[in-house]
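Written out below as structure tokens is the structure these notes cover.
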Amino acid sequence: MPRNLDLTALRSFVAVADAGGVTRAAGFLNLTQSAVSMQIKRLEEALDLALLDRSARRVTLTAAGEQLLGYARRMLALNDEVFGRLTHDDYEGEVVLGVPHDIVYPAIPQVLQRFAAEFPRMRVTLLSSYTRKLKAQFARGECDVIMTTEDAVEPGGETLVELPLVWVGAPGGQAWKQRPLRLAFEPNCIFRMGVQSALDAAGIPWTMAVESDSSRTIEASVSADLAVHVSLAGAEPRYMERIPHCGVLPDLETSKVNLYVADPVHSPAVEVLADLIRRAYAAQAGGAPVAARHVPGEAAEDAPRLALRA
């Protein structure tokens with residue numbers, strides 16, 4: 001007799017695998033932690049297999065779980081493709097999202113995946129730039145939704161999270177011990193002046209050793225241990241690590257991650273995108289999930305149709 005897998009349970013399983021834990025997955029799925037745990041348990045019982053290794057602090061997949069994950073993604077993608085092709089045909093067009101390059105990860109790729117599953121006929125254009133430039137584009141009506149990193153929030157915006165700035169450098173690097181301290185920053189980086197002021201107040205000499213409009217150049221230079229940089233806690237770039245300076249370098253200020261949504265919106269999809277961003281940050285912070293407005297259908301893991309502009 002044929003047996004059927006529960007797609008809802010598979011969706012929870014994929015979310016747990018992506019989020020690295022049940023709590024974060026529950027927040028992103030807008031479910032309770034117990035509901036997600038029960039779905040995973042039912043899936044394991046149906047297959048008579050252990051899918052998650054719960055012995056470590058961070059939930060990891062067993063060998064069987066790793067094998068199931070690929071199948072689960074394909075099944076969910078096909079399911080969502082059917083719903084996307086046969087329903088919601090009234091939502092078409094383009095949504096423009098602006099995000100500072102240093103907070104694109106880790107939340108935005110997951111947001112884009114889920115949005116694309118809800119609105120497969122809509123094009124998402126992601127603008128990756130600096131906060132000042134994004135706010136200017138938003139003011140001119142060139143963006144539907146933007147995220148910013150700022151000291152405060154302006155009227156019409158909302159703060160998603162407030163995070164400390166941390167020093168980052170090459171893994172095992174020594175550049176942070178040099179004097180003058182070698183810094184690497186983009187000219188338009190909003191954190192640049194605050195870092196310089198903190199160093200001046202601490203009496204630490206510094207030099208702008210690397211200056212470039214390209215964030216890739218900054219990342220490459222820092223990862224090569226030529227200089228140090230700063231990042232929002234939790235958003236450290238790849239090939240860098242938080243510097244274990246033990247107080248040798250000054251503590252830095254916090255920064256707000258803000259969200260601004262065009263008013264009026266030209267499509268319900270814009271509000272859905274904003275809600276997905278809210279829920280992603282609520283899940284990452286371990287807080288209560290933010291209720292979405294109207295989100296047709298289910299979230300999914302298939303890839304977005306994305307146009308990326310720097």
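Within each chain, counting starts at residue 1; across the structure tokens, chains are named A, B, ... in the order shown, with ligands numbered 1 upward in that order.
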
Those of range 66-306 of chain A in DSSP strand (DSSP E), formatted as a PyMOL selection string: chain A and resi 93-100+122-129+145-150+157-169+181-185+206-211+229-232+241-242+254-261+306

Show me, as JSON lines, the residues of range 36-143 of chain A having an atom within 12 Å of range 250-260 of chain A, each with the closest atom pair and its distance in Å, using only C-alpha atoms.
{"residue": "A:Leu97", "atom": "CA", "partner": "A:Tyr260", "partner_atom": "CA", "distance": 10.1}
{"residue": "A:Gly98", "atom": "CA", "partner": "A:Tyr260", "partner_atom": "CA", "distance": 9.7}
{"residue": "A:Val99", "atom": "CA", "partner": "A:Leu259", "partner_atom": "CA", "distance": 9.5}
{"residue": "A:Pro100", "atom": "CA", "partner": "A:Val257", "partner_atom": "CA", "distance": 9.9}
{"residue": "A:Asp102", "atom": "CA", "partner": "A:Val257", "partner_atom": "CA", "distance": 11.1}
{"residue": "A:Ile103", "atom": "CA", "partner": "A:Val257", "partner_atom": "CA", "distance": 8.7}
{"residue": "A:Val104", "atom": "CA", "partner": "A:Val257", "partner_atom": "CA", "distance": 11.5}
{"residue": "A:Thr131", "atom": "CA", "partner": "A:Asn258", "partner_atom": "CA", "distance": 10.1}
{"residue": "A:Leu134", "atom": "CA", "partner": "A:Tyr260", "partner_atom": "CA", "distance": 10.4}
{"residue": "A:Lys135", "atom": "CA", "partner": "A:Tyr260", "partner_atom": "CA", "distance": 9.0}
{"residue": "A:Gln137", "atom": "CA", "partner": "A:Tyr260", "partner_atom": "CA", "distance": 11.8}
{"residue": "A:Phe138", "atom": "CA", "partner": "A:Tyr260", "partner_atom": "CA", "distance": 8.5}
{"residue": "A:Ala139", "atom": "CA", "partner": "A:Tyr260", "partner_atom": "CA", "distance": 10.4}
{"residue": "A:Gly141", "atom": "CA", "partner": "A:Tyr260", "partner_atom": "CA", "distance": 11.8}
{"residue": "A:Cys143", "atom": "CA", "partner": "A:Tyr260", "partner_atom": "CA", "distance": 9.6}

Proximity of range 80-150 of chain A to range 186-195 of chain A: per-residue shortest pair, 8 Å limit, only C-alpha atoms, as JSON lines:
{"residue": "A:Tyr130", "atom": "CA", "partner": "A:Cys189", "partner_atom": "CA", "distance": 6.9}
{"residue": "A:Thr131", "atom": "CA", "partner": "A:Ile190", "partner_atom": "CA", "distance": 7.3}
{"residue": "A:Arg132", "atom": "CA", "partner": "A:Asn188", "partner_atom": "CA", "distance": 7.9}
{"residue": "A:Thr149", "atom": "CA", "partner": "A:Ile190", "partner_atom": "CA", "distance": 7.8}
{"residue": "A:Glu150", "atom": "CA", "partner": "A:Ile190", "partner_atom": "CA", "distance": 7.7}

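Contact shell of Ala220 in chain A at 10 Å (only C-alpha atoms; same-chain neighbours under 4 positions omitted): Ala170, Ser215, Arg216, Ala224, Asp225, Leu226, Ala227, Arg238, Tyr239 and Met240 of chain A.
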
Those residues with C-alpha atoms, as a PDB file, in the first residue's frame please?
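File written: selection_22.pdb
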ATOM      1  CA  ALA A 170      41.437  37.804   9.350  1.00  0.00           C
ATOM      2  CA  SER A 215      33.095  45.960  -0.445  1.00  0.00           C
ATOM      3  CA  ARG A 216      34.835  42.971  -2.048  1.00  0.00           C
ATOM      4  CA  ALA A 224      44.460  38.891   4.068  1.00  0.00           C
ATOM      5  CA  ASP A 225      45.284  40.474   7.460  1.00  0.00           C
ATOM      6  CA  LEU A 226      46.221  43.806   5.906  1.00  0.00           C
ATOM      7  CA  ALA A 227      43.792  45.775   8.076  1.00  0.00           C
ATOM      8  CA  ARG A 238      32.865  35.301   5.259  1.00  0.00           C
ATOM      9  CA  TYR A 239      36.610  34.797   5.657  1.00  0.00           C
ATOM     10  CA  MET A 240      36.632  37.127   8.663  1.00  0.00           C
TER      11      MET A 240
END

Of the residues A:Leu76, A:Ala198, A:Leu163, A:Ile108, which is the one nearest to Ala233 in chain A, using only C-alpha atoms? A:Leu163

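The shell of residues at most 10 Å from Val95 in chain A, with only C-alpha atoms counted and near chain neighbours (fewer than 6 positions) removed, consists of Met122, Arg123, Val124, Thr125, Leu126, Cys143, Asp144, Val145, His266, Ser267, Ala269, Val270 and Leu273 of chain A.
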
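What separates CA of Val153 in chain A from CA of Gly27 in chain A is a distance of 24.4 Å.
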
Just list as a PyMOL selection string whatever in range 139-250 of chain A DSSP marks as helix (DSSP H, G or I). chain A and resi 139+175-177+192-201+215-223

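Shortest atom-to-atom contact with Leu78 in chain A among A:Gln178, A:Leu7, A:Ser214, A:His245: A:Leu7, counting only C-alpha atoms.
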